Amino acid sequence: MRETRRVPTATDFRQMLRAASLRVTGPRLAVLSAVHGHPHADTDSIIGVVRGELGAVSHQAVYDVLRALTTAGLLRRIEPPGSVARYEARVGDNHHHVVCRSCGAIADVDCAVGFAPCLTASDAHGFTIDEAEVVYRGLCPTCVLNT
């Protein structure tokens with residue numbers, strides 16, 4: 001059973017930025033809040049949420065913030081096959097995703113067994129593997145009901 005995660009506050013976001021040696025700015029706080037509030041959101045959705053909070057902010061500013069927060073390890077960029085890039089705040093635990101073939105909904109799936117990377121490659125080809133990405137596909141409960 002998956003643990004319940006506490007929703008971070010504005011103070012938590014400020015502390016996260018400082019701990020990552022990033023300056024605390026309005027756009028960074030707004031993007032962190034948007035991604036925490038809308039897991040697996042695409043960039044356009046994040047821009048919409050940020051603009052709703054801050055007003056005028058450029059696409060480039062949001063892209064720059066997403067890149068900085070991802071580089072700092074505060075966000076994770078995922079790219080499910082056939083989908084645009086999406087962002088999530090669940091970082092550092094090597095979880096996977098399930099994607100609905102019909103509507104594109106995405107949900108987190110915890111590793112089934114063991115520790116990261118939680119899958120053992122049949123041949124690592126000399127690589128030191130520290131992460132495995134699995135994408136499960138199927139129909140979400142809403143799409144099953146509408147079939």
# chains A, B, ... in the order shown; residues from 1 in each chain; ligands from 1

call {"tool": "closest_atom_pairs", "arguments": {"of": "range 44-86 of chain A", "to": "range 131-136 of chain A", "cutoff": "10 Å", "atoms": "only C-alpha atoms", "output": "Markdown table"}}
result
| residue | atom | partner | partner_atom | distance |
| --- | --- | --- | --- | --- |
| A:Ile78 | CA | A:Glu133 | CA | 9.4 |
| A:Glu79 | CA | A:Val135 | CA | 9.9 |
| A:Pro80 | CA | A:Val135 | CA | 7.0 |
| A:Pro81 | CA | A:Val135 | CA | 8.3 |

call {"tool": "closest_atom_pairs", "arguments": {"of": "range 53-137 of chain A", "to": "range 13-18 of chain A", "cutoff": "9 Å", "atoms": "only C-alpha atoms", "output": "Markdown table"}}
result
| residue | atom | partner | partner_atom | distance |
| --- | --- | --- | --- | --- |
| A:Leu69 | CA | A:Leu17 | CA | 8.4 |
| A:Ala72 | CA | A:Leu17 | CA | 8.8 |
| A:Leu74 | CA | A:Met16 | CA | 7.5 |

call {"tool": "atom_distance", "arguments": {"atom1": "CA of Ala19 in chain A", "atom2": "CA of Arg51 in chain A"}}
result
25.6 Å

call {"tool": "residues_around", "arguments": {"residues": "Val57 in chain A", "least_positions_apart": "2", "cutoff": "12 Å", "atoms": "only C-alpha atoms", "output": "NGL selection string"}}
result
:A and (26-28 or 30-31 or 46-55 or 59-65)

call {"tool": "residues_around", "arguments": {"residues": "range 96-99 of chain A", "least_positions_apart": "4", "cutoff": "7 Å", "atoms": "only C-alpha atoms", "output": "JSON, numbers by chain"}}
result
{"A": [104, 105, 106, 107, 108, 109, 110, 111, 133, 134, 135, 136, 137, 138]}

call {"tool": "closest_residue", "arguments": {"among": "A:Thr147, A:Thr142, A:Thr25, A:Thr43", "to": "Arg86 in chain A", "atoms": "only C-alpha atoms"}}
result
A:Thr43

call {"tool": "atom_distance", "arguments": {"atom1": "CA of Thr9 in chain A", "atom2": "CA of Val24 in chain A"}}
result
13.9 Å
